[in-house]
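Working notes, beginning with the structure itself.
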Amino acid sequence: MNKVYNTELHKFVEAYLKSKDARIERKHNDFFEVIYENGERAAYTYSARIASEGNNIGLIAKGSKILKAMISECTGKAAYSSVSISYNESTLKSSLAPKSCCSLCPFISVCEHKCGCCDFCSYYKSCNTNISNARFSKLGNLVSSTPVKIMCFIFTLELSDDYTLSQKIEKDIVVLIDIEREKTLENILVKDILKLELKPWANSKKISTEKYRHFLNLAKSRASDVLSGQLEVFKKVIERPLVEKIKSIVSKYQGEYIENYTKTSLEELDSLQEEALKLCKREIRGYTINTDIKLKNLILINTRRDKRKLVFTRCKEQKDFEVNAEIFLSRVDIYCDECGSEIDISALCSNGHILCSSCYESCNSCDNIICSICDDESFICSTCGEIHCLSCSKTCDVCGAVICPDHSYECSECGKLLCFDCHEICSICDLAICSSHSSSCSECGKHICSEHQRKCSVCGESYCDEHIRQCQVCKTYLCSNHTGKSEFSKRHVCHAHLKTCTFCKNEIASDEVHYCSSCNAPMCPDDTLECKNCMKEYCRNHVSRCKCCSRSYCSCETPVKCRLCGEEYCSDCVSLRGYCKCCGNLKSVKADSEIISKLIDQIPQLSKYKRFYLGISQEIKTVYAKSLFKRYLVVMDSSYNILGKRRLTFLESMSLGKKQKGD
């Protein structure tokens, strides 16, 4: 039995007897004796065997009448625990930190953001006190402190829709009631209270049943309000699918009603309507939301409502400032120095004024706080429309418009500060320029700075690098209207440095002109011929060209005439025996070859000749035709044009025959 005295059942019995001002006077192995406040005595046991033996010993066990009565009485009177709650610097830091409790929000199922603290949260004002540009440093001086005794009811709310949505929400909520004023207090999260310093409170007082029931009704009323908010959310979730289903049912039966209106009796039509109504009611019942509010715990809290200074450090300057605050449990209330409203998102100005989001503005460039109490000046950028402080605001040197650092431009030429409308961007170097140092390209209209501005030396118009030309001889800049082009090299040159070739009449640059050594006529490189002996340049009229090797030569060399074909060649192409390279290298060819066929077309009498010999050089072809008693010689160019033809004499034939035999 000694082991039973260490069980949870015995602890419950001891707590129950203590609430009745009774105490256990003596513990035996099988039972224990109790003495009540009025002097009555009783004996109880946890063993059914001992209780069955009589001796007026009551049984406290599962299912026994005594235990049921104890539980019923406790349920009706609601026993509670008593604690004393205080705060410290660590708990205050936690209270001032941004919260992450979206899972507790009734709108979580339809919320599209889930981004932390928002003003839809029912706890927003009680737990969200955020100074955006400062951090809590330490506790300051205590101004005043008021003791507060609170009855804390912890309820569990349950909402479920098992039939259609298979959803179930369980949420613990705290309802705080000021015992002295008999009023409900601010909403505070359970987990925030548990983060505070909790100590047993030995000096708790009793509360009458009537007062407890009054407090319980107040707490249930607040819990019902929270439950109503949850039901509204559920209503939004189920409303659309339910309406769609009802519309589907009505549409179906409406079609059947119209179809059977003239075919059936009135009773059958009424029956059809009743069937549709029953089906709609059944669908509506299927979307019924089950709700329940359960009292989970009850705590009597002894705490204090303090007014004190809190020290915050501004992040920018690392400077400390004292801020007035009201502290109650995990709730820290700070009020705006300008309008006096409770802050949620706030900021600390450079002079230590705490301001709500409605009473301050933040510089978009440096994030400096523009305080209305300090009468700080603010300006709106004419380009972006954002607010900026005095130190970040500039004025355009041209039009005087207010501009911010992100939308101010400095002229790369003179250093003037310019707004968006008064500045231009050089299309070449992408630097900002003012109107005084900006020019427009006369061809494309793009803006260019003075460094990349190019002026035509003829008309004086301004152009960008893309649309300006430069004479490749004198390097002067020219526009497209005053620029010439060499037909030989395609280079751009000015008209002063364009020359015309005497022979092809094409215009060429002056540094591309060649002059004939004989007549001094200007020529393009394509029409210039060079003597291979003296290396002088000549025009086509004052130089000879060897038809055999295509070599040019001037009067410094005497041409040599071939003794057979009679054409003149350079000395290198005629042998010592007096034959050119064609006549000296005749090779037998067939009479049906292509070259002989073309030759016969021009000289038909050659068809009577039986044997043909061919000599070829670069520009000359020599054909020697031979029959039994006749010999014939034809000289052609590379295009088969006949340059000369004749019959050979007997002596010439003999000489040529000896040469062929010698070869």
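In the structure tokens, chains take letters A, B, ... by order of appearance, with residues numbered from 1 within each chain and ligands from 1 in the order shown.
Residues in contact with A:Glu180 at 12 Å, where only C-alpha atoms are counted and same-chain residues fewer than 4 positions away are skipped, are listed as A:Pro147, A:Val148, A:Lys149, A:Ile150, A:Met151, A:Thr184, A:Leu185, A:Ile207, A:Lys211, A:Phe215, A:Asn302.
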**OP:** Please identify all polymer residues within 8 Å of A:Glu25, counting only C-alpha atoms, omitting same-chain residues fewer than 2 positions from it, and present them as a ChimeraX atom specification.
**Re:** /A:23,27,32-35
Let's have the selection written as a short mmCIF file (atom, residue, chain, number, x, y, z; two decimals), in the first residue's frame, with all heavy atoms.
```
data_model
loop_
_atom_site.label_atom_id
_atom_site.label_comp_id
_atom_site.auth_asym_id
_atom_site.auth_seq_id
_atom_site.Cartn_x
_atom_site.Cartn_y
_atom_site.Cartn_z
N ARG A 23 -7.10 17.13 6.32
CA ARG A 23 -5.74 16.65 6.23
C ARG A 23 -5.69 15.18 6.59
O ARG A 23 -6.56 14.66 7.29
CB ARG A 23 -4.83 17.44 7.17
CG ARG A 23 -5.22 17.36 8.62
CD ARG A 23 -4.32 18.26 9.48
NE ARG A 23 -4.75 18.27 10.86
CZ ARG A 23 -4.44 17.34 11.77
NH1 ARG A 23 -3.68 16.32 11.42
NH2 ARG A 23 -4.87 17.43 13.02
N LYS A 27 -1.30 7.47 8.14
CA LYS A 27 -1.27 6.55 7.01
C LYS A 27 -0.95 5.16 7.52
O LYS A 27 0.02 4.98 8.25
CB LYS A 27 -0.22 6.98 5.98
CG LYS A 27 -0.51 8.27 5.26
CD LYS A 27 0.60 8.61 4.27
CE LYS A 27 0.34 9.93 3.56
NZ LYS A 27 1.44 10.28 2.64
N PHE A 32 -5.86 5.02 5.11
CA PHE A 32 -5.38 6.22 5.79
C PHE A 32 -6.58 6.92 6.43
O PHE A 32 -7.73 6.78 5.99
CB PHE A 32 -4.66 7.16 4.82
CG PHE A 32 -5.47 7.56 3.62
CD1 PHE A 32 -6.25 8.72 3.65
CD2 PHE A 32 -5.46 6.80 2.46
CE1 PHE A 32 -6.99 9.09 2.55
CE2 PHE A 32 -6.19 7.18 1.36
CZ PHE A 32 -6.98 8.32 1.39
N GLU A 33 -6.27 7.67 7.53
CA GLU A 33 -7.31 8.36 8.27
C GLU A 33 -7.25 9.86 7.97
O GLU A 33 -6.17 10.45 7.88
CB GLU A 33 -7.13 8.14 9.78
CG GLU A 33 -7.26 6.67 10.18
CD GLU A 33 -7.03 6.46 11.67
OE1 GLU A 33 -7.12 7.47 12.42
OE2 GLU A 33 -6.74 5.34 12.07
N VAL A 34 -8.46 10.45 7.84
CA VAL A 34 -8.58 11.87 7.48
C VAL A 34 -9.40 12.57 8.54
O VAL A 34 -10.41 12.03 9.04
CB VAL A 34 -9.26 12.02 6.11
CG1 VAL A 34 -9.45 13.50 5.77
CG2 VAL A 34 -8.45 11.34 5.03
N ILE A 35 -8.99 13.81 8.90
CA ILE A 35 -9.74 14.64 9.83
C ILE A 35 -10.11 15.93 9.11
O ILE A 35 -9.27 16.58 8.48
CB ILE A 35 -8.93 14.93 11.11
CG1 ILE A 35 -9.79 15.77 12.07
CG2 ILE A 35 -7.60 15.60 10.82
CD1 ILE A 35 -9.18 15.88 13.47
#
```
Subject >> A:Asn533 environment, 10 Å, only C-alpha atoms, sequence neighbours closer than 6 positions dropped, as a list in words >> reply: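 These residues fall inside the cut-off: Arg551, Ser552, Tyr553, Cys554, Cys556 and Glu557 of chain A.
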Write the selection just made, keeping C-alpha atoms, as a PDB file, in the first residue's frame?
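Result went into result-v4.pdb, see below:
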```
ATOM      1  CA  ARG A 551      56.172  40.322-119.573  1.00  0.00           C
ATOM      2  CA  SER A 552      56.046  44.095-119.970  1.00  0.00           C
ATOM      3  CA  TYR A 553      59.051  45.955-121.314  1.00  0.00           C
ATOM      4  CA  CYS A 554      59.745  49.454-122.465  1.00  0.00           C
ATOM      5  CA  CYS A 556      65.048  49.850-123.053  1.00  0.00           C
ATOM      6  CA  GLU A 557      64.658  46.456-124.756  1.00  0.00           C
TER       7      GLU A 557
END
```
